[in-house]
$ cat run_20.cif   # mmCIF, C-alpha atoms
data_run
loop_
_atom_site.label_atom_id
_atom_site.label_comp_id
_atom_site.auth_asym_id
_atom_site.auth_seq_id
_atom_site.Cartn_x
_atom_site.Cartn_y
_atom_site.Cartn_z
CA MET A 1 1.09 -34.80 -21.57
CA ALA A 2 -1.80 -35.55 -23.93
CA ASP A 3 -1.50 -34.33 -27.50
CA ARG A 4 -2.93 -30.88 -27.97
CA LYS A 5 -4.54 -29.39 -31.06
CA PRO A 6 -2.49 -26.91 -33.13
CA ILE A 7 -2.45 -23.37 -31.74
CA ASP A 8 -4.72 -21.13 -33.82
CA SER A 9 -4.84 -18.10 -31.51
CA TRP A 10 -2.49 -16.47 -29.01
CA LEU A 11 -2.90 -14.47 -25.82
CA THR A 12 0.17 -12.83 -24.34
CA ASP A 13 0.87 -10.76 -21.28
CA MET A 14 2.56 -7.41 -21.89
CA ASP A 15 4.92 -6.50 -19.02
CA GLY A 16 7.71 -9.04 -18.66
CA VAL A 17 6.87 -10.72 -21.96
CA LEU A 18 6.85 -7.98 -24.63
CA ILE A 19 8.37 -5.10 -22.66
CA HIS A 20 10.42 -4.59 -19.51
CA GLU A 21 10.60 -1.20 -17.80
CA GLY A 22 9.55 0.58 -20.97
CA VAL A 23 11.97 -1.26 -23.28
CA PRO A 24 10.95 -3.93 -25.80
CA ILE A 25 12.22 -7.42 -25.02
CA PRO A 26 14.30 -8.84 -27.91
CA GLY A 27 12.05 -10.91 -30.15
CA ALA A 28 8.82 -9.08 -29.23
CA ASP A 29 8.68 -7.12 -32.48
CA ALA A 30 9.33 -10.25 -34.58
CA PHE A 31 6.67 -12.18 -32.65
CA LEU A 32 4.02 -9.48 -33.12
CA LYS A 33 4.93 -8.99 -36.79
CA LYS A 34 4.55 -12.68 -37.50
CA LEU A 35 1.23 -12.77 -35.63
CA ARG A 36 -0.14 -9.89 -37.69
CA GLU A 37 1.05 -11.46 -40.95
CA SER A 38 -0.38 -14.88 -40.03
CA GLY A 39 -3.90 -13.52 -39.64
CA LYS A 40 -4.32 -15.60 -36.48
CA PRO A 41 -6.46 -14.03 -33.73
CA PHE A 42 -4.41 -12.64 -30.86
CA LEU A 43 -4.64 -10.39 -27.81
CA VAL A 44 -2.10 -8.55 -25.71
CA LEU A 45 -3.32 -8.61 -22.10
CA THR A 46 -2.54 -6.50 -19.08
CA ASN A 47 -3.86 -6.41 -15.53
CA ASN A 48 -3.10 -2.69 -15.49
CA SER A 49 -6.40 -0.82 -15.60
CA ILE A 50 -4.95 2.70 -15.85
CA TYR A 51 -4.76 3.02 -19.62
CA THR A 52 -7.28 2.66 -22.43
CA PRO A 53 -6.43 0.42 -25.39
CA ARG A 54 -5.77 3.56 -27.44
CA ASP A 55 -3.30 4.79 -24.78
CA LEU A 56 -1.52 1.44 -24.72
CA HIS A 57 -1.39 1.26 -28.52
CA ALA A 58 0.36 4.65 -28.58
CA ARG A 59 2.75 3.74 -25.75
CA LEU A 60 3.74 0.47 -27.41
CA ARG A 61 4.15 2.17 -30.78
CA ARG A 62 6.60 4.65 -29.27
CA MET A 63 8.64 1.61 -28.19
CA GLY A 64 8.56 0.24 -31.72
CA LEU A 65 5.86 -2.38 -31.15
CA ASP A 66 2.78 -2.32 -33.35
CA VAL A 67 -0.28 -3.73 -31.58
CA PRO A 68 -3.65 -2.73 -33.07
CA ILE A 69 -6.12 -1.23 -30.61
CA ALA A 70 -8.54 -4.10 -31.25
CA ASN A 71 -5.89 -6.58 -30.07
CA ILE A 72 -5.47 -5.10 -26.59
CA TRP A 73 -7.45 -6.49 -23.63
CA THR A 74 -7.17 -4.99 -20.15
CA SER A 75 -8.50 -5.92 -16.73
CA ALA A 76 -10.67 -2.80 -16.94
CA MET A 77 -12.32 -4.12 -20.11
CA ALA A 78 -12.80 -7.55 -18.53
CA THR A 79 -14.35 -5.89 -15.47
CA ALA A 80 -16.72 -3.85 -17.64
CA GLN A 81 -17.74 -6.94 -19.61
CA PHE A 82 -18.43 -8.80 -16.37
CA LEU A 83 -20.59 -5.98 -15.00
CA ASP A 84 -22.46 -5.63 -18.29
CA ASP A 85 -23.29 -9.34 -18.15
CA GLN A 86 -24.26 -9.23 -14.48
CA ARG A 87 -26.21 -5.98 -14.27
CA PRO A 88 -26.61 -4.13 -17.59
CA GLU A 89 -26.85 -0.32 -17.45
CA GLY A 90 -26.05 -0.28 -13.77
CA SER A 91 -24.15 2.26 -11.69
CA ALA A 92 -20.79 2.31 -9.97
CA TYR A 93 -18.59 4.38 -7.73
CA VAL A 94 -15.15 4.10 -9.29
CA ILE A 95 -11.66 4.53 -7.93
CA GLY A 96 -9.38 4.42 -10.93
CA GLU A 97 -8.10 6.10 -14.07
CA ALA A 98 -9.32 6.65 -17.63
CA GLY A 99 -8.82 3.03 -18.64
CA LEU A 100 -11.49 1.95 -16.14
CA THR A 101 -13.90 4.87 -16.36
CA THR A 102 -13.86 4.73 -20.18
CA ALA A 103 -14.55 0.99 -20.20
CA LEU A 104 -17.53 1.49 -17.89
CA HIS A 105 -18.87 4.44 -19.88
CA ASP A 106 -18.63 2.33 -23.03
CA ILE A 107 -21.04 -0.26 -21.60
CA GLY A 108 -23.52 2.42 -20.54
CA TYR A 109 -22.73 2.53 -16.84
CA ILE A 110 -23.50 5.58 -14.71
CA LEU A 111 -20.63 6.65 -12.48
CA THR A 112 -21.99 8.00 -9.22
CA ASP A 113 -21.49 8.07 -5.47
CA HIS A 114 -25.26 8.01 -4.83
CA GLU A 115 -26.45 4.49 -3.99
CA PRO A 116 -24.33 2.76 -6.68
CA ASP A 117 -24.81 -0.90 -7.53
CA TYR A 118 -21.07 -1.44 -7.27
CA VAL A 119 -17.89 0.00 -5.87
CA VAL A 120 -15.25 -0.69 -8.54
CA LEU A 121 -11.62 -0.41 -7.52
CA GLY A 122 -8.88 -0.14 -10.13
CA GLU A 123 -5.31 1.03 -10.29
CA THR A 124 -4.31 4.66 -9.90
CA ARG A 125 -1.19 6.55 -8.90
CA THR A 126 -3.26 8.85 -6.66
CA TYR A 127 -5.21 6.71 -4.18
CA SER A 128 -6.85 9.13 -1.78
CA PHE A 129 -7.98 8.57 1.77
CA GLU A 130 -11.22 10.42 0.96
CA ALA A 131 -12.04 8.09 -1.94
CA MET A 132 -11.26 4.98 0.10
CA THR A 133 -13.43 6.26 2.95
CA LYS A 134 -16.29 6.83 0.50
CA ALA A 135 -15.84 3.30 -0.87
CA VAL A 136 -15.94 1.79 2.63
CA ARG A 137 -19.17 3.61 3.49
CA LEU A 138 -20.87 2.70 0.20
CA ILE A 139 -19.95 -0.97 0.61
CA ASN A 140 -21.25 -0.90 4.17
CA ASP A 141 -24.49 0.55 2.78
CA GLY A 142 -24.89 -2.35 0.36
CA ALA A 143 -22.82 -1.67 -2.76
CA ARG A 144 -21.12 -4.77 -4.18
CA PHE A 145 -17.32 -4.71 -4.15
CA ILE A 146 -15.49 -5.36 -7.46
CA CYS A 147 -11.76 -5.05 -8.23
CA THR A 148 -10.05 -5.04 -11.60
CA ASN A 149 -7.18 -7.24 -10.41
CA PRO A 150 -5.52 -8.61 -7.27
CA ASP A 151 -1.97 -7.36 -7.93
CA GLU A 152 -0.64 -6.09 -4.61
CA THR A 153 2.23 -4.05 -6.05
CA GLY A 154 3.05 -2.44 -9.36
CA PRO A 155 6.38 -1.52 -10.94
CA SER A 156 7.90 1.94 -11.16
CA ALA A 157 11.34 3.36 -11.88
CA GLU A 158 11.75 4.04 -8.14
CA GLY A 159 10.62 0.57 -7.04
CA PRO A 160 7.35 -1.23 -6.19
CA LEU A 161 4.16 0.78 -5.64
CA PRO A 162 1.02 -0.26 -3.73
CA ALA A 163 -1.50 -1.50 -6.28
CA THR A 164 -5.13 -2.57 -6.46
CA GLY A 165 -4.82 -5.71 -4.34
CA ALA A 166 -3.18 -3.83 -1.47
CA VAL A 167 -5.85 -1.14 -1.43
CA ALA A 168 -8.55 -3.81 -1.73
CA ALA A 169 -7.14 -5.45 1.41
CA LEU A 170 -7.49 -2.16 3.28
CA ILE A 171 -11.13 -1.79 2.20
CA THR A 172 -11.84 -5.44 3.05
CA LYS A 173 -10.38 -4.93 6.52
CA ALA A 174 -12.62 -1.92 7.05
CA THR A 175 -15.82 -3.53 5.70
CA GLY A 176 -15.42 -7.27 6.17
CA LYS A 177 -16.41 -7.68 2.50
CA GLN A 178 -14.20 -9.55 0.04
CA PRO A 179 -14.10 -8.18 -3.53
CA TYR A 180 -14.61 -10.09 -6.74
CA PHE A 181 -11.46 -9.79 -8.87
CA ALA A 182 -12.14 -9.76 -12.62
CA GLY A 183 -8.53 -9.75 -13.83
CA LYS A 184 -5.84 -12.44 -13.84
CA PRO A 185 -5.59 -15.02 -12.37
CA ASN A 186 -9.36 -15.19 -12.78
CA PRO A 187 -9.84 -17.26 -15.97
CA LEU A 188 -12.84 -15.03 -16.66
CA MET A 189 -10.44 -12.48 -18.15
CA MET A 190 -9.10 -15.13 -20.53
CA ARG A 191 -12.50 -16.46 -21.51
CA THR A 192 -14.00 -13.05 -22.20
CA GLY A 193 -10.87 -12.16 -24.15
CA LEU A 194 -11.13 -15.32 -26.23
CA ASN A 195 -14.78 -14.55 -26.91
CA THR A 196 -13.93 -11.10 -28.26
CA ILE A 197 -11.65 -12.60 -30.93
CA GLY A 198 -13.83 -15.64 -31.64
CA ALA A 199 -11.20 -18.09 -30.35
CA HIS A 200 -11.50 -21.40 -28.52
CA SER A 201 -9.44 -22.37 -25.50
CA GLU A 202 -8.51 -25.81 -26.81
CA THR A 203 -6.71 -24.23 -29.78
CA SER A 204 -5.30 -21.20 -27.92
CA ALA A 205 -2.15 -20.47 -25.94
CA MET A 206 -1.29 -18.04 -23.16
CA ILE A 207 2.21 -16.57 -22.79
CA GLY A 208 3.19 -15.01 -19.49
CA ASP A 209 6.03 -14.31 -17.09
CA ARG A 210 4.20 -15.14 -13.85
CA MET A 211 3.21 -18.57 -12.62
CA ASP A 212 0.64 -17.21 -10.15
CA THR A 213 -1.34 -15.13 -12.65
CA ASP A 214 -0.60 -15.77 -16.33
CA VAL A 215 0.06 -19.51 -16.22
CA LEU A 216 -2.64 -20.16 -13.61
CA ALA A 217 -5.30 -18.23 -15.53
CA GLY A 218 -4.35 -19.77 -18.86
CA MET A 219 -4.37 -23.27 -17.42
CA GLU A 220 -7.75 -22.80 -15.72
CA ALA A 221 -9.18 -21.42 -18.96
CA GLY A 222 -8.11 -24.62 -20.73
CA MET A 223 -5.30 -23.17 -22.83
CA GLN A 224 -1.74 -24.25 -23.48
CA THR A 225 0.62 -22.12 -21.39
CA PHE A 226 4.12 -20.82 -22.06
CA LEU A 227 6.22 -19.32 -19.29
CA VAL A 228 8.94 -16.89 -20.38
CA LEU A 229 11.86 -16.15 -18.08
CA THR A 230 12.17 -12.44 -18.89
CA GLY A 231 9.88 -11.28 -16.11
CA LEU A 232 9.12 -12.10 -12.49
CA THR A 233 9.24 -15.91 -12.28
CA ARG A 234 12.72 -17.41 -12.09
CA PRO A 235 13.55 -20.95 -13.32
CA GLU A 236 14.10 -22.30 -9.81
CA GLN A 237 10.67 -21.02 -8.71
CA VAL A 238 8.67 -23.07 -11.22
CA GLU A 239 8.84 -26.19 -9.04
CA ASP A 240 7.44 -24.25 -6.08
CA PHE A 241 3.98 -24.32 -7.63
CA PRO A 242 1.58 -27.30 -7.64
CA TYR A 243 0.94 -26.82 -11.39
CA ARG A 244 3.21 -26.45 -14.38
CA PRO A 245 3.16 -24.54 -17.66
CA SER A 246 2.96 -26.52 -20.87
CA LYS A 247 6.47 -25.29 -21.68
CA VAL A 248 9.13 -22.99 -20.21
CA VAL A 249 11.16 -20.88 -22.67
CA ASP A 250 13.83 -18.24 -22.23
CA SER A 251 11.92 -15.45 -23.97
CA ILE A 252 9.26 -14.52 -26.51
CA ALA A 253 11.92 -14.90 -29.22
CA ASP A 254 11.75 -18.67 -28.72
CA LEU A 255 8.08 -18.72 -29.74
CA VAL A 256 8.29 -16.86 -33.06
CA ASP A 257 8.63 -20.12 -34.99
CA ARG A 258 5.58 -21.58 -33.21
CA ILE A 259 3.21 -19.21 -35.00
#
$ encode --input "run_20.cif" --output "structure tokens"
Amino acid sequence: MADRKPIDSWLTDMDGVLIHEGVPIPGADAFLKKLRESGKPFLVLTNNSIYTPRDLHARLRRMGLDVPIANIWTSAMATAQFLDDQRPEGSAYVIGEAGLTTALHDIGYILTDHEPDYVVLGETRTYSFEAMTKAVRLINDGARFICTNPDETGPSAEGPLPATGAVAALITKATGKQPYFAGKPNPLMMRTGLNTIGAHSETSAMIGDRMDTDVLAGMEAGMQTFLVLTGLTRPEQVEDFPYRPSKVVDSIADLVDRI
């Protein structure tokens, strides 16, 4: 592998890297503390569009992890940034929670079911048949179809839940229209995140627990990639993919000394 420049900024996934089922992963606190003390730009990323950065800051703090609000980047924020670049001050019919609606309000979008420019689908624990029917009809009438992320299932204490990607597939089947996914593995989420902290891909690294989202998005954005084995991807699965991370480590604790 060609020599890479020193890492000056860090992006890290949240679930499976810093926390697992609501519990901090050993080493996460030390990693975040050293990042804050170093003064290096960093972001904690999540494909979950339910929560606002303020919500996530509070949730992480209750777990003993201190992540400033300004250092949190969600798929909802990446989606809002994309729409603001594409069609400023537009309108959208939204299926989602406060994380998504707040991000769209913040860029000046009007949320409406009357001839919206976009149908924007995010994650929610209360997908309704009525809302999905409305989305199908609006897309058939010409609204453009956008999704925060392609994750087909999400975690819960009781087991996997249908997530954005699964609901998007239902809407696609009913309309024949494929959505544009703004979140991982789209490298757009990485690039817009890097732009918010003034970082460059050639001197940045992405840490994740999934080969098919975190590592893929980081690689396609031109960053070094670190796969941790505390989440979904198992060691024996790494060779199943046609690409590789820059390095595989057991956990976030193994990267503290890299900062």
$ resolve_selection --input "run_20.cif" --expression "the PyMOL selection byres ((chain A and resi 171) around 10)" --output "list in words"
Leu121, Met132, Thr133, Ala135, Val136, Arg137, Ile139, Phe145, Gly165, Ala166, Val167, Ala168, Ala169, Leu170, Thr172, Lys173, Ala174, Thr175, Gly176, Lys177, Gln178 and Pro179 of chain A
$ closest_residue --input "run_20.cif" --among "A:Leu100, A:Leu138, A:Ile72, A:Met77" --to "Thr112 (chain A)" --atoms "only C-alpha atoms"
A:Leu138
$ residues_around --input "run_20.cif" --residues "Thr164 (chain A)" --least-positions-apart "2" --cutoff "9 Å" --atoms "only C-alpha atoms" --output "list in words"
Leu121, Gly122, Glu123, Thr124, Cys147, Thr148, Asn149, Pro150, Asp151, Glu152, Thr153, Gly154, Pro162, Ala166, Val167, Ala168 and Ala169 of chain A
$ write_last_selection --input "run_20.cif" --atoms "C-alpha atoms" --output "mmCIF file, in the coordinates of the input"
data_model
loop_
_atom_site.group_PDB
_atom_site.id
_atom_site.type_symbol
_atom_site.label_atom_id
_atom_site.label_comp_id
_atom_site.auth_asym_id
_atom_site.auth_seq_id
_atom_site.Cartn_x
_atom_site.Cartn_y
_atom_site.Cartn_z
ATOM 1 C CA LEU A 121 -11.620 -0.410 -7.520
ATOM 2 C CA GLY A 122 -8.880 -0.140 -10.130
ATOM 3 C CA GLU A 123 -5.310 1.030 -10.290
ATOM 4 C CA THR A 124 -4.310 4.660 -9.900
ATOM 5 C CA CYS A 147 -11.760 -5.050 -8.230
ATOM 6 C CA THR A 148 -10.050 -5.040 -11.600
ATOM 7 C CA ASN A 149 -7.180 -7.240 -10.410
ATOM 8 C CA PRO A 150 -5.520 -8.610 -7.270
ATOM 9 C CA ASP A 151 -1.970 -7.360 -7.930
ATOM 10 C CA GLU A 152 -0.640 -6.090 -4.610
ATOM 11 C CA THR A 153 2.230 -4.050 -6.050
ATOM 12 C CA GLY A 154 3.050 -2.440 -9.360
ATOM 13 C CA PRO A 162 1.020 -0.260 -3.730
ATOM 14 C CA ALA A 166 -3.180 -3.830 -1.470
ATOM 15 C CA VAL A 167 -5.850 -1.140 -1.430
ATOM 16 C CA ALA A 168 -8.550 -3.810 -1.730
ATOM 17 C CA ALA A 169 -7.140 -5.450 1.410
#
$ atom_distance --input "run_20.cif" --atom1 "CA of Ser128 (chain A)" --atom2 "CA of Phe181 (chain A)"
20.7 Å
$ closest_residue --input "run_20.cif" --among "A:Ile107, A:Met211, A:Val256, A:Met219" --to "Asp240 (chain A)" --atoms "only C-alpha atoms"
A:Met211
$ residues_around --input "run_20.cif" --residues "Ser38 (chain A)" --least-positions-apart "4" --cutoff "9 Å" --atoms "only C-alpha atoms" --output "list in words"
Lys33, Lys34 and Ile259 of chain A
$ write_last_selection --input "run_20.cif" --atoms "C-alpha atoms" --output "CSV table (one decimal), in the frame of the given file"
chain,number,residue,atom,x,y,z
A,33,LYS,CA,4.9,-9.0,-36.8
A,34,LYS,CA,4.6,-12.7,-37.5
A,259,ILE,CA,3.2,-19.2,-35.0
$ closest_residue --input "run_20.cif" --among "A:Leu229, A:Ile110, A:Ala70, A:Leu188" --to "Arg87 (chain A)" --atoms "all atoms listed in the file"
A:Ile110
$ resolve_selection --input "run_20.cif" --expression "the PyMOL selection byres ((chain A and resi 4) around 12)" --output "VMD selection string"
chain A and resid 1 to 3 5 to 8 201 to 205 222 to 225 246
$ write_last_selection --input "run_20.cif" --atoms "C-alpha atoms" --output "PDB file, in the coordinates of the input"
ATOM      1  CA  MET A   1       1.090 -34.800 -21.570  1.00  0.00           C
ATOM      2  CA  ALA A   2      -1.800 -35.550 -23.930  1.00  0.00           C
ATOM      3  CA  ASP A   3      -1.500 -34.330 -27.500  1.00  0.00           C
ATOM      4  CA  LYS A   5      -4.540 -29.390 -31.060  1.00  0.00           C
ATOM      5  CA  PRO A   6      -2.490 -26.910 -33.130  1.00  0.00           C
ATOM      6  CA  ILE A   7      -2.450 -23.370 -31.740  1.00  0.00           C
ATOM      7  CA  ASP A   8      -4.720 -21.130 -33.820  1.00  0.00           C
ATOM      8  CA  SER A 201      -9.440 -22.370 -25.500  1.00  0.00           C
ATOM      9  CA  GLU A 202      -8.510 -25.810 -26.810  1.00  0.00           C
ATOM     10  CA  THR A 203      -6.710 -24.230 -29.780  1.00  0.00           C
ATOM     11  CA  SER A 204      -5.300 -21.200 -27.920  1.00  0.00           C
ATOM     12  CA  ALA A 205      -2.150 -20.470 -25.940  1.00  0.00           C
ATOM     13  CA  GLY A 222      -8.110 -24.620 -20.730  1.00  0.00           C
ATOM     14  CA  MET A 223      -5.300 -23.170 -22.830  1.00  0.00           C
ATOM     15  CA  GLN A 224      -1.740 -24.250 -23.480  1.00  0.00           C
ATOM     16  CA  THR A 225       0.620 -22.120 -21.390  1.00  0.00           C
ATOM     17  CA  SER A 246       2.960 -26.520 -20.870  1.00  0.00           C
TER      18      SER A 246
END
$ closest_residue --input "run_20.cif" --among "A:Ala143, A:Ala92, A:Ala163, A:Val119" --to "Ser49 (chain A)" --atoms "only C-alpha atoms"
A:Ala163
$ closest_residue --input "run_20.cif" --among "A:Ile19, A:Ala253, A:Asp13, A:Tyr109" --to "Arg59 (chain A)" --atoms "all atoms listed in the file"
A:Ile19
$ atom_distance --input "run_20.cif" --atom1 "CA of Arg62 (chain A)" --atom2 "CA of Phe31 (chain A)"
17.2 Å
$ closest_residue --input "run_20.cif" --among "A:Glu158, A:His20, A:Asp257, A:Gly99" --to "Ala78 (chain A)" --atoms "all atoms listed in the file"
A:Gly99
$ atom_distance --input "run_20.cif" --atom1 "CA of Ile25 (chain A)" --atom2 "CA of Gly198 (chain A)"
28.1 Å
$ resolve_selection --input "run_20.cif" --expression "the PyMOL selection byres ((chain A and resi 244) around 10)" --output "JSON, numbers by chain"
{"A": [211, 215, 216, 219, 225, 226, 227, 238, 239, 240, 241, 242, 243, 245, 246, 247, 248]}
$ residues_near_point --input "run_20.cif" --point "(14.4, -3.1, -16.4)" --cutoff "12 Å" --atoms "all atoms listed in the file" --output "compact mmCIF listing (two decimals) with C-alpha atoms, keeping the file's coordinate frame"
# COMPACT_ATOMS: atom_id res chain seq x y z
CA ASP A 15 4.92 -6.50 -19.02
CA GLY A 16 7.71 -9.04 -18.66
CA ILE A 19 8.37 -5.10 -22.66
CA HIS A 20 10.42 -4.59 -19.51
CA GLU A 21 10.60 -1.20 -17.80
CA GLY A 22 9.55 0.58 -20.97
CA VAL A 23 11.97 -1.26 -23.28
CA PRO A 24 10.95 -3.93 -25.80
CA ILE A 25 12.22 -7.42 -25.02
CA PRO A 155 6.38 -1.52 -10.94
CA SER A 156 7.90 1.94 -11.16
CA ALA A 157 11.34 3.36 -11.88
CA GLU A 158 11.75 4.04 -8.14
CA GLY A 159 10.62 0.57 -7.04
CA THR A 230 12.17 -12.44 -18.89
CA GLY A 231 9.88 -11.28 -16.11
CA LEU A 232 9.12 -12.10 -12.49
$ decode --input "run_20.cif" --residues "region 26-35 of chain A" --atoms "all heavy atoms" --output "PDB file, in the first residue's frame"
ATOM      1  N   PRO A  26     -15.458  -0.442  25.509  1.00  0.00           N
ATOM      2  CA  PRO A  26     -14.212  -0.096  26.199  1.00  0.00           C
ATOM      3  C   PRO A  26     -13.219   0.593  25.263  1.00  0.00           C
ATOM      4  O   PRO A  26     -12.952   0.108  24.156  1.00  0.00           O
ATOM      5  CB  PRO A  26     -13.687  -1.460  26.670  1.00  0.00           C
ATOM      6  CG  PRO A  26     -14.920  -2.277  26.863  1.00  0.00           C
ATOM      7  CD  PRO A  26     -15.847  -1.855  25.759  1.00  0.00           C
ATOM      8  N   GLY A  27     -12.700   1.710  25.707  1.00  0.00           N
ATOM      9  CA  GLY A  27     -11.766   2.482  24.897  1.00  0.00           C
ATOM     10  C   GLY A  27     -12.403   3.685  24.227  1.00  0.00           C
ATOM     11  O   GLY A  27     -11.696   4.601  23.792  1.00  0.00           O
ATOM     12  N   ALA A  28     -13.741   3.700  24.111  1.00  0.00           N
ATOM     13  CA  ALA A  28     -14.423   4.808  23.426  1.00  0.00           C
ATOM     14  C   ALA A  28     -14.200   6.130  24.145  1.00  0.00           C
ATOM     15  O   ALA A  28     -13.915   7.153  23.515  1.00  0.00           O
ATOM     16  CB  ALA A  28     -15.915   4.509  23.305  1.00  0.00           C
ATOM     17  N   ASP A  29     -14.327   6.115  25.478  1.00  0.00           N
ATOM     18  CA  ASP A  29     -14.146   7.345  26.242  1.00  0.00           C
ATOM     19  C   ASP A  29     -12.721   7.881  26.096  1.00  0.00           C
ATOM     20  O   ASP A  29     -12.508   9.080  25.899  1.00  0.00           O
ATOM     21  CB  ASP A  29     -14.475   7.100  27.711  1.00  0.00           C
ATOM     22  CG  ASP A  29     -14.400   8.377  28.545  1.00  0.00           C
ATOM     23  OD1 ASP A  29     -14.888   9.417  28.052  1.00  0.00           O
ATOM     24  OD2 ASP A  29     -13.848   8.343  29.649  1.00  0.00           O
ATOM     25  N   ALA A  30     -11.731   6.984  26.179  1.00  0.00           N
ATOM     26  CA  ALA A  30     -10.333   7.394  26.042  1.00  0.00           C
ATOM     27  C   ALA A  30     -10.059   7.947  24.650  1.00  0.00           C
ATOM     28  O   ALA A  30      -9.329   8.941  24.494  1.00  0.00           O
ATOM     29  CB  ALA A  30      -9.411   6.210  26.334  1.00  0.00           C
ATOM     30  N   PHE A  31     -10.648   7.324  23.628  1.00  0.00           N
ATOM     31  CA  PHE A  31     -10.458   7.794  22.257  1.00  0.00           C
ATOM     32  C   PHE A  31     -11.031   9.197  22.077  1.00  0.00           C
ATOM     33  O   PHE A  31     -10.368  10.091  21.535  1.00  0.00           O
ATOM     34  CB  PHE A  31     -11.128   6.811  21.288  1.00  0.00           C
ATOM     35  CG  PHE A  31     -10.963   7.179  19.837  1.00  0.00           C
ATOM     36  CD1 PHE A  31      -9.810   6.849  19.151  1.00  0.00           C
ATOM     37  CD2 PHE A  31     -11.964   7.859  19.150  1.00  0.00           C
ATOM     38  CE1 PHE A  31      -9.650   7.187  17.812  1.00  0.00           C
ATOM     39  CE2 PHE A  31     -11.822   8.205  17.824  1.00  0.00           C
ATOM     40  CZ  PHE A  31     -10.650   7.862  17.152  1.00  0.00           C
ATOM     41  N   LEU A  32     -12.257   9.411  22.547  1.00  0.00           N
ATOM     42  CA  LEU A  32     -12.895  10.720  22.405  1.00  0.00           C
ATOM     43  C   LEU A  32     -12.171  11.781  23.226  1.00  0.00           C
ATOM     44  O   LEU A  32     -12.012  12.931  22.776  1.00  0.00           O
ATOM     45  CB  LEU A  32     -14.358  10.630  22.830  1.00  0.00           C
ATOM     46  CG  LEU A  32     -15.267   9.806  21.913  1.00  0.00           C
ATOM     47  CD1 LEU A  32     -16.614   9.563  22.577  1.00  0.00           C
ATOM     48  CD2 LEU A  32     -15.449  10.492  20.564  1.00  0.00           C
ATOM     49  N   LYS A  33     -11.725  11.421  24.411  1.00  0.00           N
ATOM     50  CA  LYS A  33     -11.002  12.371  25.265  1.00  0.00           C
ATOM     51  C   LYS A  33      -9.707  12.825  24.596  1.00  0.00           C
ATOM     52  O   LYS A  33      -9.389  14.018  24.570  1.00  0.00           O
ATOM     53  CB  LYS A  33     -10.699  11.722  26.612  1.00  0.00           C
ATOM     54  CG  LYS A  33     -10.012  12.638  27.626  1.00  0.00           C
ATOM     55  CD  LYS A  33      -9.893  11.934  28.972  1.00  0.00           C
ATOM     56  CE  LYS A  33      -9.296  12.864  30.039  1.00  0.00           C
ATOM     57  NZ  LYS A  33      -7.862  13.128  29.783  1.00  0.00           N
ATOM     58  N   LYS A  34      -8.987  11.871  24.018  1.00  0.00           N
ATOM     59  CA  LYS A  34      -7.743  12.228  23.356  1.00  0.00           C
ATOM     60  C   LYS A  34      -7.995  13.068  22.106  1.00  0.00           C
ATOM     61  O   LYS A  34      -7.224  13.981  21.791  1.00  0.00           O
ATOM     62  CB  LYS A  34      -6.952  10.967  23.010  1.00  0.00           C
ATOM     63  CG  LYS A  34      -5.504  11.272  22.621  1.00  0.00           C
ATOM     64  CD  LYS A  34      -4.644  10.039  22.620  1.00  0.00           C
ATOM     65  CE  LYS A  34      -3.201  10.398  22.294  1.00  0.00           C
ATOM     66  NZ  LYS A  34      -2.345   9.174  22.226  1.00  0.00           N
ATOM     67  N   LEU A  35      -9.081  12.769  21.387  1.00  0.00           N
ATOM     68  CA  LEU A  35      -9.433  13.591  20.230  1.00  0.00           C
ATOM     69  C   LEU A  35      -9.706  15.028  20.642  1.00  0.00           C
ATOM     70  O   LEU A  35      -9.213  15.971  20.019  1.00  0.00           O
ATOM     71  CB  LEU A  35     -10.675  13.011  19.534  1.00  0.00           C
ATOM     72  CG  LEU A  35     -10.488  12.032  18.390  1.00  0.00           C
ATOM     73  CD1 LEU A  35     -11.838  11.607  17.848  1.00  0.00           C
ATOM     74  CD2 LEU A  35      -9.638  12.640  17.279  1.00  0.00           C
TER      75      LEU A  35
END
